[in-house]
Amino acid sequence: MAKPNIVSAKEWQAERDKLLVDEKRLTHELDALAAKRRRLPMVELVNKYTFAGPRGPVTLLDLFDGRPQLIQYQFMDRGPDKFCPGCTGFTNNIAVHALPHLHRRGVSWCNVSNMPLAQIEAYKAKQGWKIPFVSSHGTTFTADTGANNSFLLSVFLRDGDRIYRTYATTQRGVDRLLFTSNLLDLTPYGRQESWEDSPPGWPRVDGASSVEA
């Protein structure tokens, strides 16, 4: 298996310092991008939407759980007893113990899927998930938000009972939130996926499922 070049500690530090300059520049660019994101306009959702939850019907407003902001992940519906491995991996990535930190910033989290509630509940039990997860089956929610038959991360803001959509992202916009992907990006072999720009001889994992650039 190919390996990085071996150099002296002084040479390694010099190369690391050069890379750090690029990393810092990217950090500042991401900060600037986040600032632009905070200045996006928003659009009001007129439809109130009623979802099926484990304790009965819940509205989109209910998903805020009294907080002013809501982040919602659309889990793909692939049919009876079929489950998207990417959505499963993303949901496994959600740190339940980190959700209280979001709550302290006035942000709630919920997964939504067009899968019937019984299918969601059975899969939640199998996976051991404890996060809020409701069914949009029979509603126009996925079509109205542009998720359709794919996955999507949306952000909402409420003003009293009025709900506004402020942001949405998919593909690499969702991928960048994955804990494992971000850690693998720090390793010499990276994610080991075919789309990555790696030196010749670097290992590749067959069937890797991360979203391409």
# chains A, B, ... in the order shown; residues from 1 in each chain; ligands from 1
>>> closest_atom_pairs(of="segment 64-164 of chain A", to="segment 34-56 of chain A", cutoff="9 Å", atoms="only C-alpha atoms", output="JSON lines")
{"residue": "A:Val112", "atom": "CA", "partner": "A:Phe51", "partner_atom": "CA", "distance": 8.6}
{"residue": "A:Pro116", "atom": "CA", "partner": "A:Ala52", "partner_atom": "CA", "distance": 8.3}
{"residue": "A:Leu117", "atom": "CA", "partner": "A:Ala52", "partner_atom": "CA", "distance": 6.4}
{"residue": "A:Ala118", "atom": "CA", "partner": "A:Pro54", "partner_atom": "CA", "distance": 8.9}
{"residue": "A:Glu121", "atom": "CA", "partner": "A:Pro54", "partner_atom": "CA", "distance": 7.6}
{"residue": "A:Pro132", "atom": "CA", "partner": "A:Gly53", "partner_atom": "CA", "distance": 8.7}
{"residue": "A:Phe133", "atom": "CA", "partner": "A:Gly53", "partner_atom": "CA", "distance": 7.3}
{"residue": "A:Val134", "atom": "CA", "partner": "A:Gly53", "partner_atom": "CA", "distance": 4.8}
{"residue": "A:Ser135", "atom": "CA", "partner": "A:Ala52", "partner_atom": "CA", "distance": 5.1}
{"residue": "A:Ser136", "atom": "CA", "partner": "A:Phe51", "partner_atom": "CA", "distance": 5.1}
{"residue": "A:His137", "atom": "CA", "partner": "A:Phe51", "partner_atom": "CA", "distance": 7.5}
{"residue": "A:Gly138", "atom": "CA", "partner": "A:Phe51", "partner_atom": "CA", "distance": 8.7}
{"residue": "A:Thr139", "atom": "CA", "partner": "A:Tyr49", "partner_atom": "CA", "distance": 7.1}
{"residue": "A:Thr140", "atom": "CA", "partner": "A:Tyr49", "partner_atom": "CA", "distance": 8.1}
{"residue": "A:Phe141", "atom": "CA", "partner": "A:Tyr49", "partner_atom": "CA", "distance": 6.9}
{"residue": "A:Asp144", "atom": "CA", "partner": "A:Leu45", "partner_atom": "CA", "distance": 9.0}
{"residue": "A:Phe156", "atom": "CA", "partner": "A:Met42", "partner_atom": "CA", "distance": 8.7}
{"residue": "A:Leu157", "atom": "CA", "partner": "A:Met42", "partner_atom": "CA", "distance": 8.6}
{"residue": "A:Arg162", "atom": "CA", "partner": "A:Glu44", "partner_atom": "CA", "distance": 7.3}
{"residue": "A:Ile163", "atom": "CA", "partner": "A:Leu45", "partner_atom": "CA", "distance": 5.8}
{"residue": "A:Tyr164", "atom": "CA", "partner": "A:Glu44", "partner_atom": "CA", "distance": 4.2}
>>> write_last_selection(atoms="N, CA and C atoms", output="mmCIF file, in the first residue's frame")
data_model
loop_
_atom_site.group_PDB
_atom_site.id
_atom_site.type_symbol
_atom_site.label_atom_id
_atom_site.label_comp_id
_atom_site.auth_asym_id
_atom_site.auth_seq_id
_atom_site.Cartn_x
_atom_site.Cartn_y
_atom_site.Cartn_z
ATOM 1 N N VAL A 112 -38.058 13.846 9.476
ATOM 2 C CA VAL A 112 -39.365 13.656 8.865
ATOM 3 C C VAL A 112 -39.183 12.722 7.674
ATOM 4 N N PRO A 116 -44.636 5.503 6.206
ATOM 5 C CA PRO A 116 -45.702 5.426 7.209
ATOM 6 C C PRO A 116 -45.111 5.344 8.614
ATOM 7 N N LEU A 117 -45.848 5.841 9.581
ATOM 8 C CA LEU A 117 -45.340 5.910 10.943
ATOM 9 C C LEU A 117 -44.927 4.539 11.481
ATOM 10 N N ALA A 118 -45.708 3.500 11.173
ATOM 11 C CA ALA A 118 -45.381 2.165 11.682
ATOM 12 C C ALA A 118 -44.003 1.720 11.183
ATOM 13 N N GLU A 121 -41.365 3.770 13.160
ATOM 14 C CA GLU A 121 -41.231 3.334 14.552
ATOM 15 C C GLU A 121 -40.483 2.004 14.653
ATOM 16 N N PRO A 132 -36.476 12.913 17.761
ATOM 17 C CA PRO A 132 -37.828 13.122 17.231
ATOM 18 C C PRO A 132 -37.887 12.699 15.766
ATOM 19 N N PHE A 133 -38.917 11.949 15.393
ATOM 20 C CA PHE A 133 -39.021 11.414 14.031
ATOM 21 C C PHE A 133 -40.501 11.218 13.731
ATOM 22 N N VAL A 134 -41.029 11.951 12.759
ATOM 23 C CA VAL A 134 -42.454 11.865 12.443
ATOM 24 C C VAL A 134 -42.647 11.540 10.963
ATOM 25 N N SER A 135 -43.871 11.184 10.613
ATOM 26 C CA SER A 135 -44.203 10.791 9.251
ATOM 27 C C SER A 135 -44.994 11.887 8.538
ATOM 28 N N SER A 136 -44.541 12.235 7.331
ATOM 29 C CA SER A 136 -45.260 13.192 6.489
ATOM 30 C C SER A 136 -46.115 12.467 5.449
ATOM 31 N N HIS A 137 -46.278 11.158 5.644
ATOM 32 C CA HIS A 137 -47.032 10.325 4.690
ATOM 33 C C HIS A 137 -48.428 10.907 4.482
ATOM 34 N N GLY A 138 -48.801 11.076 3.211
ATOM 35 C CA GLY A 138 -50.124 11.593 2.901
ATOM 36 C C GLY A 138 -50.211 13.099 2.861
ATOM 37 N N THR A 139 -49.090 13.801 3.089
ATOM 38 C CA THR A 139 -49.067 15.262 3.016
ATOM 39 C C THR A 139 -48.247 15.703 1.800
ATOM 40 N N THR A 140 -48.275 16.989 1.517
ATOM 41 C CA THR A 140 -47.488 17.546 0.415
ATOM 42 C C THR A 140 -46.178 18.160 0.904
ATOM 43 N N PHE A 141 -45.808 17.870 2.147
ATOM 44 C CA PHE A 141 -44.647 18.531 2.758
ATOM 45 C C PHE A 141 -43.368 18.323 1.955
ATOM 46 N N ASP A 144 -43.531 20.215 -1.312
ATOM 47 C CA ASP A 144 -43.542 21.664 -1.107
ATOM 48 C C ASP A 144 -42.163 22.193 -0.711
ATOM 49 N N PHE A 156 -36.045 26.237 9.619
ATOM 50 C CA PHE A 156 -37.255 27.048 9.723
ATOM 51 C C PHE A 156 -37.152 27.995 10.920
ATOM 52 N N LEU A 157 -37.837 29.111 10.789
ATOM 53 C CA LEU A 157 -37.937 30.099 11.861
ATOM 54 C C LEU A 157 -39.405 30.413 12.058
ATOM 55 N N ARG A 162 -46.616 31.809 12.880
ATOM 56 C CA ARG A 162 -46.232 31.896 11.472
ATOM 57 C C ARG A 162 -44.853 31.265 11.288
ATOM 58 N N ILE A 163 -44.736 30.429 10.256
ATOM 59 C CA ILE A 163 -43.513 29.653 10.035
ATOM 60 C C ILE A 163 -42.881 30.047 8.703
ATOM 61 N N TYR A 164 -41.560 30.224 8.750
ATOM 62 C CA TYR A 164 -40.813 30.643 7.571
ATOM 63 C C TYR A 164 -39.663 29.665 7.314
#
>>> residues_around(residues="Thr142 of chain A", least_positions_apart="4", cutoff="10 Å", atoms="only C-alpha atoms", output="list in words")
Gln74, Phe75, Met76, Val112, Ser113, Asn114, Ser136, His137, Gly146, Ala147, Asn148, Asn149, Ser150, Phe151 and Leu152 of chain A
>>> write_last_selection(atoms="N, CA and C atoms", output="PDB file, in the first residue's frame")
ATOM      1  N   GLN A  74     -35.036  15.484   6.064  1.00  0.00           N
ATOM      2  CA  GLN A  74     -35.971  14.648   5.323  1.00  0.00           C
ATOM      3  C   GLN A  74     -35.323  13.315   5.017  1.00  0.00           C
ATOM      4  N   PHE A  75     -35.808  12.262   5.656  1.00  0.00           N
ATOM      5  CA  PHE A  75     -35.306  10.901   5.499  1.00  0.00           C
ATOM      6  C   PHE A  75     -36.031  10.269   4.309  1.00  0.00           C
ATOM      7  N   MET A  76     -35.293   9.756   3.339  1.00  0.00           N
ATOM      8  CA  MET A  76     -35.887   9.232   2.116  1.00  0.00           C
ATOM      9  C   MET A  76     -36.840   8.068   2.383  1.00  0.00           C
ATOM     10  N   VAL A 112     -38.058  13.846   9.476  1.00  0.00           N
ATOM     11  CA  VAL A 112     -39.365  13.656   8.865  1.00  0.00           C
ATOM     12  C   VAL A 112     -39.183  12.722   7.674  1.00  0.00           C
ATOM     13  N   SER A 113     -40.138  11.826   7.450  1.00  0.00           N
ATOM     14  CA  SER A 113     -40.085  10.943   6.294  1.00  0.00           C
ATOM     15  C   SER A 113     -41.478  10.676   5.771  1.00  0.00           C
ATOM     16  N   ASN A 114     -41.559  10.398   4.475  1.00  0.00           N
ATOM     17  CA  ASN A 114     -42.837   9.988   3.890  1.00  0.00           C
ATOM     18  C   ASN A 114     -43.171   8.536   4.202  1.00  0.00           C
ATOM     19  N   SER A 136     -44.541  12.235   7.331  1.00  0.00           N
ATOM     20  CA  SER A 136     -45.260  13.192   6.489  1.00  0.00           C
ATOM     21  C   SER A 136     -46.115  12.467   5.449  1.00  0.00           C
ATOM     22  N   HIS A 137     -46.278  11.158   5.644  1.00  0.00           N
ATOM     23  CA  HIS A 137     -47.032  10.325   4.690  1.00  0.00           C
ATOM     24  C   HIS A 137     -48.428  10.907   4.482  1.00  0.00           C
ATOM     25  N   GLY A 146     -39.344  20.753  -1.660  1.00  0.00           N
ATOM     26  CA  GLY A 146     -38.375  20.412  -2.693  1.00  0.00           C
ATOM     27  C   GLY A 146     -37.606  19.140  -2.431  1.00  0.00           C
ATOM     28  N   ALA A 147     -37.935  18.427  -1.356  1.00  0.00           N
ATOM     29  CA  ALA A 147     -37.238  17.182  -1.059  1.00  0.00           C
ATOM     30  C   ALA A 147     -37.649  16.088  -2.031  1.00  0.00           C
ATOM     31  N   ASN A 148     -38.942  16.051  -2.359  1.00  0.00           N
ATOM     32  CA  ASN A 148     -39.486  15.035  -3.270  1.00  0.00           C
ATOM     33  C   ASN A 148     -39.048  13.638  -2.836  1.00  0.00           C
ATOM     34  N   ASN A 149     -38.344  12.902  -3.682  1.00  0.00           N
ATOM     35  CA  ASN A 149     -37.943  11.533  -3.328  1.00  0.00           C
ATOM     36  C   ASN A 149     -36.504  11.443  -2.847  1.00  0.00           C
ATOM     37  N   SER A 150     -35.936  12.576  -2.470  1.00  0.00           N
ATOM     38  CA  SER A 150     -34.535  12.587  -2.044  1.00  0.00           C
ATOM     39  C   SER A 150     -34.437  12.998  -0.578  1.00  0.00           C
ATOM     40  N   PHE A 151     -33.206  13.259  -0.131  1.00  0.00           N
ATOM     41  CA  PHE A 151     -32.989  13.732   1.242  1.00  0.00           C
ATOM     42  C   PHE A 151     -32.725  15.230   1.209  1.00  0.00           C
ATOM     43  N   LEU A 152     -32.998  15.896   2.297  1.00  0.00           N
ATOM     44  CA  LEU A 152     -32.869  17.352   2.332  1.00  0.00           C
ATOM     45  C   LEU A 152     -32.807  17.818   3.784  1.00  0.00           C
TER      46      LEU A 152
END
>>> select_by_dssp(residues="chain A", states="strand (DSSP E)", output="number ranges by chain")
A: 43-44, 50-53, 56-59, 69-75, 107-113, 133-135, 152-159, 162-169
>>> select_by_dssp(residues="chain A", states="helix (DSSP H, G or I)", output="number ranges by chain")
A: 9-38, 60-63, 85-93, 96-104, 117-127, 141-145, 172-175, 179-184
>>> closest_residue(among="A:Gly190, A:Arg172, A:Asp161, A:Ser8", to="Thr59 of chain A", atoms="only C-alpha atoms")
A:Asp161
>>> closest_residue(among="A:Gln171, A:Asn182, A:Ser108, A:Asn92", to="Leu61 of chain A", atoms="only C-alpha atoms")
A:Ser108
>>> atom_distance(atom1="atom CA of Cys110 of chain A", atom2="atom CA of Leu177 of chain A")
15.4 Å
>>> atom_distance(atom1="atom CA of Lys130 of chain A", atom2="atom CA of Met115 of chain A")
17.4 Å
>>> atom_distance(atom1="atom CA of Val155 of chain A", atom2="atom CA of Gln69 of chain A")
7.4 Å
>>> residues_around(residues="Thr180 of chain A", least_positions_apart="4", cutoff="12 Å", atoms="only C-alpha atoms", output="PDB file with N, CA and C atoms, in the first residue's frame")
ATOM      1  N   GLY A  89     -27.163   6.315   7.798  1.00  0.00           N
ATOM      2  CA  GLY A  89     -25.858   6.741   8.292  1.00  0.00           C
ATOM      3  C   GLY A  89     -25.899   8.147   8.858  1.00  0.00           C
ATOM      4  N   PHE A  90     -26.634   9.030   8.183  1.00  0.00           N
ATOM      5  CA  PHE A  90     -26.726  10.404   8.680  1.00  0.00           C
ATOM      6  C   PHE A  90     -27.437  10.445  10.029  1.00  0.00           C
ATOM      7  N   ASN A  92     -27.667   8.022  12.211  1.00  0.00           N
ATOM      8  CA  ASN A  92     -26.752   7.448  13.208  1.00  0.00           C
ATOM      9  C   ASN A  92     -25.734   8.477  13.675  1.00  0.00           C
ATOM     10  N   ASN A  93     -25.434   9.429  12.815  1.00  0.00           N
ATOM     11  CA  ASN A  93     -24.438  10.458  13.096  1.00  0.00           C
ATOM     12  C   ASN A  93     -24.952  11.536  14.057  1.00  0.00           C
ATOM     13  N   ILE A  94     -26.276  11.636  14.191  1.00  0.00           N
ATOM     14  CA  ILE A  94     -26.844  12.690  15.041  1.00  0.00           C
ATOM     15  C   ILE A  94     -26.536  12.392  16.500  1.00  0.00           C
ATOM     16  N   ASP A 175     -23.600  16.260   3.609  1.00  0.00           N
ATOM     17  CA  ASP A 175     -22.419  15.421   3.841  1.00  0.00           C
ATOM     18  C   ASP A 175     -21.419  16.093   4.775  1.00  0.00           C
ATOM     19  N   ARG A 176     -21.271  17.414   4.667  1.00  0.00           N
ATOM     20  CA  ARG A 176     -20.266  18.103   5.482  1.00  0.00           C
ATOM     21  C   ARG A 176     -20.602  18.084   6.973  1.00  0.00           C
ATOM     22  N   LEU A 184     -12.373  11.583   8.716  1.00  0.00           N
ATOM     23  CA  LEU A 184     -11.619  10.904   7.661  1.00  0.00           C
ATOM     24  C   LEU A 184     -10.874  11.897   6.775  1.00  0.00           C
ATOM     25  N   ASP A 185     -11.438  13.090   6.595  1.00  0.00           N
ATOM     26  CA  ASP A 185     -10.765  14.111   5.785  1.00  0.00           C
ATOM     27  C   ASP A 185      -9.440  14.555   6.410  1.00  0.00           C
ATOM     28  N   LEU A 186      -9.232  14.266   7.688  1.00  0.00           N
ATOM     29  CA  LEU A 186      -7.983  14.636   8.368  1.00  0.00           C
ATOM     30  C   LEU A 186      -6.925  13.546   8.274  1.00  0.00           C
ATOM     31  N   THR A 187      -7.305  12.360   7.833  1.00  0.00           N
ATOM     32  CA  THR A 187      -6.376  11.229   7.808  1.00  0.00           C
ATOM     33  C   THR A 187      -5.623  11.168   6.478  1.00  0.00           C
ATOM     34  N   GLY A 190      -7.747   9.667   3.740  1.00  0.00           N
ATOM     35  CA  GLY A 190      -9.032  10.307   3.473  1.00  0.00           C
ATOM     36  C   GLY A 190     -10.205   9.356   3.578  1.00  0.00           C
ATOM     37  N   ARG A 191     -11.234   9.607   2.772  1.00  0.00           N
ATOM     38  CA  ARG A 191     -12.437   8.774   2.794  1.00  0.00           C
ATOM     39  C   ARG A 191     -12.271   7.512   1.948  1.00  0.00           C
ATOM     40  N   SER A 210     -20.485   7.896   0.277  1.00  0.00           N
ATOM     41  CA  SER A 210     -20.553   9.332   0.496  1.00  0.00           C
ATOM     42  C   SER A 210     -20.870  10.046  -0.814  1.00  0.00           C
TER      43      SER A 210
END
>>> closest_residue(among="A:Asp17, A:His28, A:Gln127, A:Arg158", to="Asp65 of chain A", atoms="only C-alpha atoms")
A:Arg158
